[in-house]
>>> print(open('input_23.cif').read())   # mmCIF, C-alpha atoms (C1' of nucleotides)
data_input
#
loop_
_atom_site.label_atom_id
_atom_site.label_comp_id
_atom_site.auth_asym_id
_atom_site.auth_seq_id
_atom_site.Cartn_x
_atom_site.Cartn_y
_atom_site.Cartn_z
CA MET A 1 15.83 -107.69 -49.00
CA GLY A 2 18.67 -109.40 -50.81
CA THR A 3 20.47 -106.13 -51.41
CA LEU A 4 23.92 -107.69 -50.94
CA LYS A 5 23.32 -109.73 -54.07
CA TYR A 6 22.83 -106.60 -56.19
CA ALA A 7 25.76 -104.81 -54.58
CA ILE A 8 28.03 -107.67 -55.68
CA LEU A 9 26.48 -107.96 -59.12
CA GLY A 10 26.82 -104.21 -59.62
CA LEU A 11 30.49 -104.23 -58.73
CA LEU A 12 31.17 -107.22 -60.98
CA TYR A 13 29.31 -105.48 -63.79
CA GLN A 14 31.86 -102.69 -63.59
CA LYS A 15 34.91 -104.96 -63.43
CA ASN A 16 35.83 -108.64 -62.91
CA MET A 17 37.06 -109.12 -59.38
CA THR A 18 38.07 -111.61 -56.70
CA GLY A 19 36.25 -111.93 -53.38
CA TYR A 20 39.11 -110.10 -51.79
CA GLU A 21 38.82 -107.17 -54.19
CA LEU A 22 35.07 -107.07 -53.69
CA THR A 23 35.67 -106.81 -49.95
CA LYS A 24 37.98 -103.84 -50.55
CA ALA A 25 35.40 -102.26 -52.84
CA PHE A 26 32.73 -102.42 -50.12
CA ALA A 27 35.11 -100.65 -47.78
CA SER A 28 35.91 -97.90 -50.29
CA VAL A 29 33.55 -97.10 -53.19
CA LEU A 30 30.47 -98.58 -51.49
CA LEU A 31 31.21 -97.04 -48.10
CA GLU A 32 28.35 -94.59 -48.61
CA SER A 33 25.86 -97.18 -49.82
CA TRP A 34 26.34 -100.65 -48.36
CA ARG A 35 28.70 -102.61 -46.15
CA ALA A 36 29.74 -106.26 -46.04
CA LYS A 37 32.57 -108.25 -44.50
CA HIS A 38 34.43 -110.99 -46.36
CA SER A 39 32.67 -113.57 -44.19
CA GLN A 40 29.42 -112.55 -45.81
CA ILE A 41 30.82 -112.02 -49.31
CA TYR A 42 32.44 -115.44 -49.87
CA PRO A 43 29.30 -117.44 -49.04
CA GLU A 44 27.19 -115.06 -51.15
CA LEU A 45 29.55 -115.56 -54.13
CA LYS A 46 29.10 -119.31 -53.73
CA GLN A 47 25.32 -118.92 -53.90
CA LEU A 48 25.46 -116.54 -56.86
CA THR A 49 27.66 -119.05 -58.69
CA GLN A 50 25.18 -121.85 -57.98
CA ALA A 51 22.37 -119.60 -59.19
CA GLY A 52 24.27 -118.97 -62.43
CA LEU A 53 24.48 -115.21 -61.94
CA VAL A 54 28.29 -115.15 -61.73
CA GLU A 55 31.15 -117.39 -62.88
CA TYR A 56 34.79 -117.54 -61.94
CA GLU A 57 38.10 -118.68 -63.28
CA ILE A 58 41.18 -119.49 -61.27
CA ALA A 59 44.18 -117.22 -61.65
CA ILE A 60 47.59 -117.68 -60.08
CA SER A 61 49.36 -114.95 -58.10
CA GLY A 62 53.10 -115.58 -57.87
CA THR A 63 53.69 -119.29 -58.27
CA VAL A 64 51.13 -121.07 -56.09
CA LEU A 65 48.45 -118.81 -54.63
CA GLU A 66 45.13 -119.33 -56.34
CA LYS A 67 42.50 -116.68 -56.64
CA LYS A 68 39.02 -116.81 -58.11
CA VAL A 69 38.29 -114.01 -60.53
CA TYR A 70 34.52 -113.58 -60.74
CA THR A 71 32.60 -112.45 -63.84
CA ILE A 72 28.92 -111.54 -64.08
CA THR A 73 26.93 -113.74 -66.49
CA GLU A 74 24.28 -112.58 -68.97
CA THR A 75 21.59 -113.83 -66.57
CA GLY A 76 23.28 -111.87 -63.80
CA LYS A 77 23.37 -108.71 -65.91
CA SER A 78 19.72 -109.06 -66.74
CA GLU A 79 18.70 -109.45 -63.07
CA LEU A 80 20.91 -106.54 -62.11
CA LEU A 81 19.47 -104.24 -64.77
CA ASP A 82 15.95 -105.15 -63.68
CA TRP A 83 16.78 -104.23 -60.10
CA ILE A 84 18.52 -100.96 -61.05
CA SER A 85 15.63 -99.74 -63.17
CA THR A 86 12.88 -100.57 -60.64
CA PRO A 87 11.89 -97.97 -58.01
CA HIS A 88 12.09 -99.37 -54.48
CA MET A 89 10.36 -98.55 -51.24
CA LEU A 90 12.06 -95.98 -49.05
CA ALA A 91 14.06 -97.70 -46.32
CA PRO A 92 12.59 -97.34 -42.81
CA MET A 93 14.11 -94.67 -40.56
CA PRO A 94 17.72 -95.63 -39.82
CA LYS A 95 18.32 -96.97 -36.33
CA GLU A 96 20.57 -94.66 -34.39
CA GLU A 97 21.91 -95.41 -30.98
CA PHE A 98 22.63 -91.74 -30.31
CA ARG A 99 19.06 -90.62 -31.00
CA LEU A 100 17.89 -93.22 -28.52
CA GLN A 101 20.38 -91.99 -25.97
CA LEU A 102 19.32 -88.39 -26.49
CA PHE A 103 15.67 -89.36 -26.28
CA PHE A 104 16.26 -90.83 -22.81
CA SER A 105 18.66 -88.11 -21.68
CA SER A 106 16.07 -86.14 -19.71
CA VAL A 107 17.46 -87.92 -16.63
CA LEU A 108 20.82 -86.19 -17.17
CA SER A 109 21.85 -82.68 -16.24
CA THR A 110 21.95 -80.09 -19.02
CA GLN A 111 25.75 -80.10 -18.75
CA GLN A 112 25.92 -83.86 -19.24
CA ARG A 113 23.55 -83.66 -22.21
CA ILE A 114 25.61 -80.94 -23.84
CA SER A 115 28.73 -83.01 -23.31
CA LEU A 116 27.14 -85.99 -25.11
CA LEU A 117 26.04 -83.72 -27.95
CA GLN A 118 29.49 -82.19 -28.18
CA ASN A 119 31.13 -85.62 -28.32
CA GLN A 120 28.80 -86.68 -31.11
CA LEU A 121 29.46 -83.43 -32.98
CA THR A 122 33.21 -84.00 -32.88
CA GLN A 123 32.79 -87.48 -34.33
CA ARG A 124 30.50 -86.18 -37.06
CA GLN A 125 32.90 -83.39 -37.96
CA GLN A 126 35.72 -85.90 -38.30
CA ARG A 127 33.63 -88.05 -40.58
CA LEU A 128 32.69 -85.02 -42.65
CA ALA A 129 36.36 -84.04 -43.00
CA ASP A 130 37.26 -87.56 -44.16
CA LEU A 131 34.40 -87.54 -46.65
CA ARG A 132 35.39 -84.17 -48.07
CA LEU A 133 38.95 -85.38 -48.47
CA SER A 134 37.77 -88.46 -50.33
CA GLY A 135 35.77 -86.24 -52.70
CA GLN A 136 38.68 -84.22 -53.99
CA LYS A 137 38.69 -86.48 -57.05
CA PHE A 138 35.42 -84.83 -58.08
CA THR A 139 36.93 -81.50 -59.13
CA PRO A 140 35.57 -80.52 -61.48
CA ILE A 141 32.17 -82.21 -61.21
CA PRO A 142 32.13 -85.09 -63.72
CA PRO A 143 29.82 -84.51 -66.74
CA LYS A 144 26.53 -86.32 -66.48
CA ASN A 145 27.33 -88.79 -69.26
CA ASP A 146 30.44 -89.88 -67.33
CA ALA A 147 30.16 -93.00 -65.13
CA ALA A 148 31.77 -91.02 -62.29
CA PHE A 149 28.77 -88.67 -62.25
CA CYS A 150 26.75 -91.20 -60.23
CA ASP A 151 29.64 -91.65 -57.79
CA TYR A 152 29.61 -87.89 -57.36
CA LEU A 153 25.87 -87.75 -56.63
CA VAL A 154 26.21 -90.41 -53.94
CA TRP A 155 29.25 -88.69 -52.44
CA LEU A 156 27.39 -85.37 -52.42
CA GLY A 157 24.55 -87.03 -50.53
CA GLY A 158 26.97 -88.24 -47.90
CA VAL A 159 28.52 -84.82 -47.45
CA MET A 160 25.11 -83.17 -47.22
CA ARG A 161 23.92 -85.76 -44.72
CA GLU A 162 26.92 -85.21 -42.45
CA GLU A 163 26.69 -81.42 -42.76
CA ASN A 164 23.06 -81.64 -41.77
CA ALA A 165 23.84 -83.94 -38.84
CA CYS A 166 26.39 -81.37 -37.61
CA ALA A 167 23.89 -78.54 -38.03
CA TRP A 168 21.34 -80.49 -35.98
CA LEU A 169 23.82 -81.18 -33.17
CA GLU A 170 24.88 -77.53 -33.11
CA GLU A 171 21.24 -76.47 -32.92
CA CYS A 172 20.65 -78.94 -30.07
CA ILE A 173 23.60 -77.54 -28.16
CA ARG A 174 22.39 -73.99 -28.79
CA LEU A 175 18.89 -74.86 -27.57
CA CYS A 176 20.30 -76.55 -24.47
CA GLN A 177 22.31 -73.45 -23.66
CA ASN A 178 20.03 -70.54 -24.60
CA HIS A 179 16.59 -71.86 -24.05
CA LYS A 180 15.91 -69.93 -20.82
CA PRO A 181 17.80 -71.63 -17.91
CA GLU A 182 14.77 -71.64 -15.62
CA GLN A 183 11.13 -70.77 -16.18
CA MET B 1 25.48 -103.86 -29.63
CA GLY B 2 22.66 -104.75 -27.28
CA THR B 3 20.84 -101.53 -27.99
CA LEU B 4 17.40 -103.15 -27.83
CA LYS B 5 18.00 -103.84 -24.16
CA TYR B 6 18.47 -100.15 -23.37
CA ALA B 7 15.54 -99.12 -25.54
CA ILE B 8 13.28 -101.35 -23.45
CA LEU B 9 14.83 -100.31 -20.13
CA GLY B 10 14.47 -96.64 -21.10
CA LEU B 11 10.80 -97.03 -21.92
CA LEU B 12 10.14 -98.93 -18.69
CA TYR B 13 11.98 -96.25 -16.76
CA GLN B 14 9.41 -93.76 -18.00
CA LYS B 15 6.39 -95.92 -17.28
CA ASN B 16 5.47 -99.52 -16.37
CA MET B 17 4.25 -101.31 -19.44
CA THR B 18 3.26 -104.63 -20.99
CA GLY B 19 5.08 -106.17 -23.94
CA TYR B 20 2.19 -105.09 -26.10
CA GLU B 21 2.48 -101.48 -24.98
CA LEU B 22 6.24 -101.58 -25.51
CA THR B 23 5.63 -102.76 -29.06
CA LYS B 24 3.30 -99.79 -29.62
CA ALA B 25 5.90 -97.44 -28.12
CA PHE B 26 8.55 -98.64 -30.58
CA ALA B 27 6.16 -97.89 -33.41
CA SER B 28 5.35 -94.40 -32.13
CA VAL B 29 7.70 -92.55 -29.77
CA LEU B 30 10.78 -94.56 -30.77
CA LEU B 31 10.03 -94.42 -34.50
CA GLU B 32 12.90 -91.96 -34.97
CA SER B 33 15.41 -93.89 -32.86
CA TRP B 34 14.96 -97.64 -32.90
CA ARG B 35 12.60 -100.29 -34.21
CA ALA B 36 11.58 -103.70 -32.89
CA LYS B 37 8.75 -106.14 -33.54
CA HIS B 38 6.90 -107.96 -30.79
CA SER B 39 8.66 -111.17 -31.80
CA GLN B 40 11.92 -109.60 -30.70
CA ILE B 41 10.51 -107.79 -27.67
CA TYR B 42 8.91 -110.74 -25.86
CA PRO B 43 12.06 -112.91 -25.85
CA GLU B 44 14.15 -109.89 -24.81
CA LEU B 45 11.80 -109.24 -21.87
CA LYS B 46 12.25 -112.86 -20.82
CA GLN B 47 16.04 -112.42 -20.81
CA LEU B 48 15.88 -109.10 -18.98
CA THR B 49 13.69 -110.73 -16.34
CA GLN B 50 16.18 -113.58 -15.92
CA ALA B 51 18.99 -111.04 -15.65
CA GLY B 52 17.07 -109.22 -12.89
CA LEU B 53 16.85 -105.93 -14.78
CA VAL B 54 13.05 -105.97 -14.99
CA GLU B 55 10.22 -107.62 -13.08
CA TYR B 56 6.57 -108.14 -13.89
CA GLU B 57 3.28 -108.70 -12.22
CA ILE B 58 0.20 -110.22 -13.75
CA ALA B 59 -2.80 -107.98 -14.27
CA ILE B 60 -6.22 -109.02 -15.53
CA SER B 61 -8.02 -107.24 -18.38
CA GLY B 62 -11.73 -107.96 -18.36
CA THR B 63 -12.31 -111.26 -16.57
CA VAL B 64 -9.73 -113.73 -17.89
CA LEU B 65 -7.08 -112.13 -20.13
CA GLU B 66 -3.76 -111.96 -18.35
CA LYS B 67 -1.14 -109.37 -19.10
CA LYS B 68 2.33 -108.93 -17.70
CA VAL B 69 3.06 -105.41 -16.52
CA TYR B 70 6.82 -104.90 -16.48
CA THR B 71 8.73 -102.69 -14.06
CA ILE B 72 12.40 -101.74 -14.20
CA THR B 73 14.39 -102.87 -11.13
CA GLU B 74 17.06 -100.84 -9.29
CA THR B 75 19.75 -102.90 -11.04
CA GLY B 76 18.05 -102.14 -14.34
CA LYS B 77 17.95 -98.42 -13.57
CA SER B 78 21.60 -98.41 -12.69
CA GLU B 79 22.61 -100.16 -15.93
CA LEU B 80 20.38 -97.83 -17.93
CA LEU B 81 21.82 -94.69 -16.36
CA ASP B 82 25.35 -95.94 -17.02
CA TRP B 83 24.51 -96.43 -20.67
CA ILE B 84 22.75 -93.06 -21.04
CA SER B 85 25.64 -91.12 -19.54
CA THR B 86 28.40 -92.83 -21.56
CA PRO B 87 29.35 -91.42 -24.98
CA HIS B 88 29.17 -94.06 -27.72
CA MET B 89 30.87 -94.51 -31.04
CA LEU B 90 29.16 -92.98 -34.04
CA ALA B 91 27.18 -95.62 -35.92
CA PRO B 92 28.66 -96.61 -39.29
CA MET B 93 27.15 -94.98 -42.38
CA PRO B 94 23.55 -96.16 -42.70
CA LYS B 95 22.96 -98.72 -45.44
CA GLU B 96 20.67 -97.34 -48.10
CA GLU B 97 19.35 -99.34 -50.96
CA PHE B 98 18.60 -96.22 -52.96
CA ARG B 99 22.17 -94.90 -52.75
CA LEU B 100 23.37 -98.25 -54.07
CA GLN B 101 20.86 -98.09 -56.89
CA LEU B 102 21.90 -94.55 -57.78
CA PHE B 103 25.55 -95.51 -57.60
CA PHE B 104 24.98 -98.18 -60.25
CA SER B 105 22.56 -96.11 -62.33
CA SER B 106 25.15 -95.03 -64.91
CA VAL B 107 23.77 -97.86 -67.06
CA LEU B 108 20.42 -96.07 -67.22
CA SER B 109 19.36 -93.17 -69.43
CA THR B 110 19.24 -89.72 -67.85
CA GLN B 111 15.45 -89.85 -68.11
CA GLN B 112 15.29 -93.15 -66.21
CA ARG B 113 17.64 -91.83 -63.53
CA ILE B 114 15.57 -88.68 -63.07
CA SER B 115 12.47 -90.82 -62.78
CA LEU B 116 14.06 -92.89 -59.97
CA LEU B 117 15.14 -89.71 -58.19
CA GLN B 118 11.67 -88.23 -58.57
CA ASN B 119 10.06 -91.34 -57.13
CA GLN B 120 12.39 -91.26 -54.13
CA LEU B 121 11.71 -87.55 -53.66
CA THR B 122 7.97 -88.12 -53.53
CA GLN B 123 8.39 -90.80 -50.87
CA ARG B 124 10.67 -88.55 -48.82
CA GLN B 125 8.25 -85.63 -49.06
CA GLN B 126 5.46 -87.85 -47.79
CA ARG B 127 7.56 -88.96 -44.85
CA LEU B 128 8.47 -85.36 -44.09
CA ALA B 129 4.81 -84.35 -44.13
CA ASP B 130 3.95 -87.17 -41.72
CA LEU B 131 6.78 -86.18 -39.42
CA ARG B 132 5.76 -82.52 -39.39
CA LEU B 133 2.23 -83.52 -38.56
CA SER B 134 3.42 -85.66 -35.66
CA GLY B 135 5.40 -82.70 -34.32
CA GLN B 136 2.45 -80.36 -33.88
CA LYS B 137 2.47 -81.28 -30.19
CA PHE B 138 5.74 -79.35 -29.89
CA THR B 139 4.21 -75.86 -30.18
CA PRO B 140 5.56 -74.06 -28.38
CA ILE B 141 8.97 -75.72 -27.98
CA PRO B 142 9.04 -77.43 -24.56
CA PRO B 143 11.32 -75.73 -22.00
CA LYS B 144 14.65 -77.49 -21.54
CA ASN B 145 13.84 -78.71 -18.04
CA ASP B 146 10.76 -80.49 -19.41
CA ALA B 147 11.06 -84.21 -20.26
CA ALA B 148 9.43 -83.46 -23.64
CA PHE B 149 12.40 -81.28 -24.57
CA CYS B 150 14.45 -84.38 -25.49
CA ASP B 151 11.56 -85.72 -27.56
CA TYR B 152 11.57 -82.42 -29.38
CA LEU B 153 15.31 -82.56 -30.13
CA VAL B 154 14.98 -86.05 -31.61
CA TRP B 155 11.93 -85.04 -33.63
CA LEU B 156 13.77 -81.96 -34.92
CA GLY B 157 16.64 -84.20 -36.04
CA GLY B 158 14.20 -86.33 -38.02
CA VAL B 159 12.65 -83.34 -39.73
CA MET B 160 16.05 -81.88 -40.58
CA ARG B 161 17.26 -85.22 -41.91
CA GLU B 162 14.25 -85.59 -44.20
CA GLU B 163 14.45 -81.97 -45.36
CA ASN B 164 18.09 -82.53 -46.20
CA ALA B 165 17.32 -85.76 -48.04
CA CYS B 166 14.76 -83.88 -50.13
CA ALA B 167 17.25 -81.09 -50.84
CA TRP B 168 19.81 -83.65 -51.99
CA LEU B 169 17.34 -85.38 -54.31
CA GLU B 170 16.27 -82.03 -55.78
CA GLU B 171 19.89 -81.09 -56.36
CA CYS B 172 20.51 -84.46 -58.06
CA ILE B 173 17.55 -83.91 -60.36
CA ARG B 174 18.76 -80.38 -61.12
CA LEU B 175 22.26 -81.63 -61.92
CA CYS B 176 20.87 -84.39 -64.14
CA GLN B 177 18.84 -81.84 -66.08
CA ASN B 178 21.10 -78.77 -66.30
CA HIS B 179 24.56 -80.16 -66.30
CA LYS B 180 25.27 -79.59 -70.02
CA PRO B 181 23.34 -82.21 -72.07
CA GLU B 182 26.37 -83.10 -74.22
CA GLN B 183 30.02 -82.08 -74.02
"C1'" DC C 1 -21.93 -111.14 -34.75
"C1'" DT C 2 -18.18 -109.14 -37.07
"C1'" DA C 3 -14.22 -106.64 -37.24
"C1'" DC C 4 -10.68 -104.50 -34.80
"C1'" DT C 5 -7.68 -104.13 -31.13
"C1'" DC C 6 -5.58 -106.23 -26.98
"C1'" DA C 7 -2.43 -109.71 -25.59
"C1'" DT C 8 1.47 -113.25 -25.68
"C1'" DG C 9 4.11 -116.18 -27.38
"C1'" DT C 10 7.17 -119.58 -30.83
"C1'" DA C 11 9.40 -121.11 -35.26
"C1'" DA C 12 11.89 -120.56 -39.19
"C1'" DA C 13 14.51 -118.01 -42.04
"C1'" DT C 14 17.60 -114.29 -43.35
"C1'" DA C 15 21.18 -110.96 -42.31
"C1'" DG C 16 25.16 -109.63 -40.16
"C1'" DT C 17 29.27 -109.62 -36.89
"C1'" DT C 18 33.16 -111.61 -34.58
"C1'" DA C 19 36.21 -115.08 -34.15
"C1'" DC C 20 38.70 -119.02 -35.85
"C1'" DA C 21 41.88 -120.97 -39.28
"C1'" DT C 22 45.32 -121.13 -42.81
"C1'" DG C 23 48.84 -120.01 -45.94
"C1'" DA C 24 51.27 -117.22 -49.92
"C1'" DT C 25 53.28 -112.82 -51.53
"C1'" DT C 26 55.36 -108.49 -51.27
"C1'" DT C 27 57.86 -104.66 -49.26
"C1'" DG C 28 61.10 -102.58 -46.32
"C1'" DC D 1 63.44 -111.91 -41.89
"C1'" DA D 2 59.56 -109.43 -40.13
"C1'" DA D 3 55.45 -107.09 -40.97
"C1'" DA D 4 51.86 -105.88 -43.98
"C1'" DT D 5 48.95 -107.30 -47.41
"C1'" DC D 6 46.89 -110.77 -50.50
"C1'" DA D 7 43.77 -114.53 -50.50
"C1'" DT D 8 39.90 -117.81 -49.08
"C1'" DG D 9 37.22 -119.90 -46.35
"C1'" DT D 10 34.19 -121.74 -41.92
"C1'" DA D 11 31.98 -121.53 -37.22
"C1'" DA D 12 29.51 -119.50 -33.76
"C1'" DC D 13 26.87 -116.09 -32.31
"C1'" DT D 14 23.76 -112.04 -32.37
"C1'" DA D 15 20.15 -109.47 -34.57
"C1'" DT D 16 16.12 -109.05 -37.15
"C1'" DT D 17 12.12 -110.27 -40.01
"C1'" DT D 18 8.24 -112.99 -41.44
"C1'" DA D 19 5.17 -116.29 -40.53
"C1'" DC D 20 2.69 -119.35 -37.51
"C1'" DA D 21 -0.48 -119.87 -33.58
"C1'" DT D 22 -3.91 -118.71 -30.25
"C1'" DG D 23 -7.42 -116.51 -27.79
"C1'" DA D 24 -9.92 -112.54 -25.05
"C1'" DG D 25 -12.09 -107.89 -25.07
"C1'" DT D 26 -14.60 -104.08 -27.18
"C1'" DA D 27 -17.32 -101.23 -30.26
"C1'" DG D 28 -20.53 -100.72 -33.82
#
>>> encode(input="input_23.cif", output="structure tokens")
Amino acid sequence: MGTLKYAILGLLYQKNMTGYELTKAFASVLLESWRAKHSQIYPELKQLTQAGLVEYEIAISGTVLEKKVYTITETGKSELLDWISTPHMLAPMPKEEFRLQLFFSSVLSTQQRISLLQNQLTQRQQRLADLRLSGQKFTPIPPKNDAAFCDYLVWLGGVMREENACAWLEECIRLCQNHKPEQ
Amino acid sequence: MGTLKYAILGLLYQKNMTGYELTKAFASVLLESWRAKHSQIYPELKQLTQAGLVEYEIAISGTVLEKKVYTITETGKSELLDWISTPHMLAPMPKEEFRLQLFFSSVLSTQQRISLLQNQLTQRQQRLADLRLSGQKFTPIPPKNDAAFCDYLVWLGGVMREENACAWLEECIRLCQNHKPEQ
DNA sequence: CTACTCATGTAAATAGTTACATGATTTG
DNA sequence: CAAATCATGTAACTATTTACATGAGTAG
């Protein structure tokens, strides 16, 4: 797909950054959208530089340590804007280990299945709590001309997704319990 | 993660199958849980055979065409049951190209952003309709001792996820439209 | 006899994770 | 001065996708 490319270009469009800062950005602002480790980011930056979509200049931290501060070029901006304004195909259903496990769980006892569901629910609830905490910065909701408005929409999607996942797990547990014990 | 391995073992636990039939199963019953192409399945079957988790025998279709019908071994069953009964870590947030696009869409006009959201909504609604259609077999809801009960839970999760995705997109569109045009 | 489905593989490329490797700077 | 963080890379491996390659069986 080449999505990593646009994730990096998009971040550099907002602000000049080093590879290290980009890595941090993936782990914070892009947590809801895309992930990448530094071992993927540094080689990608090299390629983007060769392709002329980004440039860098060397800055010095302290007295010796060099860092490369990357800037998006005009060509880079143009490719990015093209990508942002084009509608894309819906991603295929996300792979989920737990759904697979549940799908095969007819070999387990109802008690074991409920225990798996309960474990998953606890993990989801924790994630939801973390997400809600990270969204406190959105009070009040940013106005729609503000750049933070888009951040808010993405954050809202994450919260809604996790709430829905919890609701599904609760419903599964309820069905496992209530749904007449024996014919 | 090695999830593909358990997906295959789980399917073979339910029924002996060829690589071709496994491929079809990924595209139908496992659509909501995991995906794999035949080019990944055939090599994996080779490895599983070498590891002694599955076996096959040759069957003949028509007069010449050979097919390999795979069976899960006792070792395979034991590994599968271990995996099914162990709780696993929640998968990291799913990567979604559209969320990334929306995140960066502050460079677009409100009209352009709404148009992207609308496009995504249409695709989601289509997927939801397809899913609902594929779930007609679950009327009435299978009893919880039935093997189909787990299928139903997974299907329900898919429907709820897509409904929620639609609700989020509708809310985004609403916010883009209503949320005071100018300060 | 043509088109579609059944059937099984390999090759090449891209994407992504984990581990290896190194060294400077800052904070307590 | 020790530990955490800043900073940049490569190597090896695993996972996944797309394309290449072939041929039999079936239904209209």
>>> closest_atom_pairs(input="input_23.cif", of="chain C", to="chain B", cutoff="8 Å", atoms="only C-alpha atoms (C1' of nucleotides)", output="JSON lines")
{"residue": "C:DC6", "atom": "C1'", "partner": "B:Tyr20", "partner_atom": "CA", "distance": 7.9}
{"residue": "C:DA7", "atom": "C1'", "partner": "B:Tyr20", "partner_atom": "CA", "distance": 6.6}
{"residue": "C:DT8", "atom": "C1'", "partner": "B:Tyr42", "partner_atom": "CA", "distance": 7.9}
{"residue": "C:DG9", "atom": "C1'", "partner": "B:Tyr42", "partner_atom": "CA", "distance": 7.4}
>>> write_last_selection(input="input_23.cif", atoms="C-alpha atoms (C1' of nucleotides)", output="PDB file, in the coordinates of the input")
ATOM      1  C1'  DC C   6      -5.580-106.230 -26.980  1.00  0.00           C
ATOM      2  C1'  DA C   7      -2.430-109.710 -25.590  1.00  0.00           C
ATOM      3  C1'  DT C   8       1.470-113.250 -25.680  1.00  0.00           C
ATOM      4  C1'  DG C   9       4.110-116.180 -27.380  1.00  0.00           C
TER       5       DG C   9
END
>>> residues_around(input="input_23.cif", residues="DA11 of chain C", least_positions_apart="4", cutoff="12 Å", atoms="only C-alpha atoms (C1' of nucleotides)", output="list in words")
Ser39 of chain B; DT18, DA19, DC20 and DA21 of chain D
>>> interface_residues(input="input_23.cif", of="chain D", to="chain B", cutoff="8 Å", atoms="all atoms listed in the file", output="PyMOL selection string")
chain D and resi 16+24-25
>>> atom_distance(input="input_23.cif", atom1="atom CA of Arg161 of chain A", atom2="atom CA of Ala147 of chain A")
22.5 Å
>>> residues_around(input="input_23.cif", residues="Cys176 of chain A", least_positions_apart="2", cutoff="10 Å", atoms="all atoms listed in the file", output="PyMOL selection string")
(chain A and resi 110-111+113-114+117+170-174+178-181) or (chain B and resi 143-145+149-150+153)
>>> decode(input="input_23.cif", residues="chain D", atoms="C-alpha atoms (C1' of nucleotides)", output="PDB file, in the first residue's frame")
ATOM      1  C1'  DC D   1      28.012   8.194  38.523  1.00  0.00           C
ATOM      2  C1'  DA D   2      24.015   5.609  37.237  1.00  0.00           C
ATOM      3  C1'  DA D   3      19.884   5.364  34.801  1.00  0.00           C
ATOM      4  C1'  DA D   4      16.861   7.181  31.476  1.00  0.00           C
ATOM      5  C1'  DT D   5      16.428   9.273  27.271  1.00  0.00           C
ATOM      6  C1'  DC D   6      18.208  11.052  22.863  1.00  0.00           C
ATOM      7  C1'  DA D   7      19.884   9.567  18.516  1.00  0.00           C
ATOM      8  C1'  DT D   8      20.842   6.566  14.299  1.00  0.00           C
ATOM      9  C1'  DG D   9      21.449   2.869  12.067  1.00  0.00           C
ATOM     10  C1'  DT D  10      21.758  -2.501  10.257  1.00  0.00           C
ATOM     11  C1'  DA D  11      20.723  -7.596  10.202  1.00  0.00           C
ATOM     12  C1'  DA D  12      17.922 -11.377  10.405  1.00  0.00           C
ATOM     13  C1'  DC D  13      13.741 -13.153  10.464  1.00  0.00           C
ATOM     14  C1'  DT D  14       8.671 -13.582   9.932  1.00  0.00           C
ATOM     15  C1'  DA D  15       4.514 -12.359   7.547  1.00  0.00           C
ATOM     16  C1'  DT D  16       1.988 -11.189   3.638  1.00  0.00           C
ATOM     17  C1'  DT D  17       0.864  -9.958  -1.143  1.00  0.00           C
ATOM     18  C1'  DT D  18       1.172 -10.224  -6.082  1.00  0.00           C
ATOM     19  C1'  DA D  19       2.524 -12.489  -9.849  1.00  0.00           C
ATOM     20  C1'  DC D  20       4.089 -16.520 -12.291  1.00  0.00           C
ATOM     21  C1'  DA D  21       3.152 -21.296 -13.734  1.00  0.00           C
ATOM     22  C1'  DT D  22       0.618 -25.372 -14.777  1.00  0.00           C
ATOM     23  C1'  DG D  23      -2.913 -28.539 -15.661  1.00  0.00           C
ATOM     24  C1'  DA D  24      -7.442 -31.402 -14.776  1.00  0.00           C
ATOM     25  C1'  DG D  25     -12.544 -31.495 -14.245  1.00  0.00           C
ATOM     26  C1'  DT D  26     -17.209 -29.835 -15.121  1.00  0.00           C
ATOM     27  C1'  DA D  27     -21.212 -27.466 -16.954  1.00  0.00           C
ATOM     28  C1'  DG D  28     -23.460 -25.101 -20.498  1.00  0.00           C
TER      29       DG D  28
END
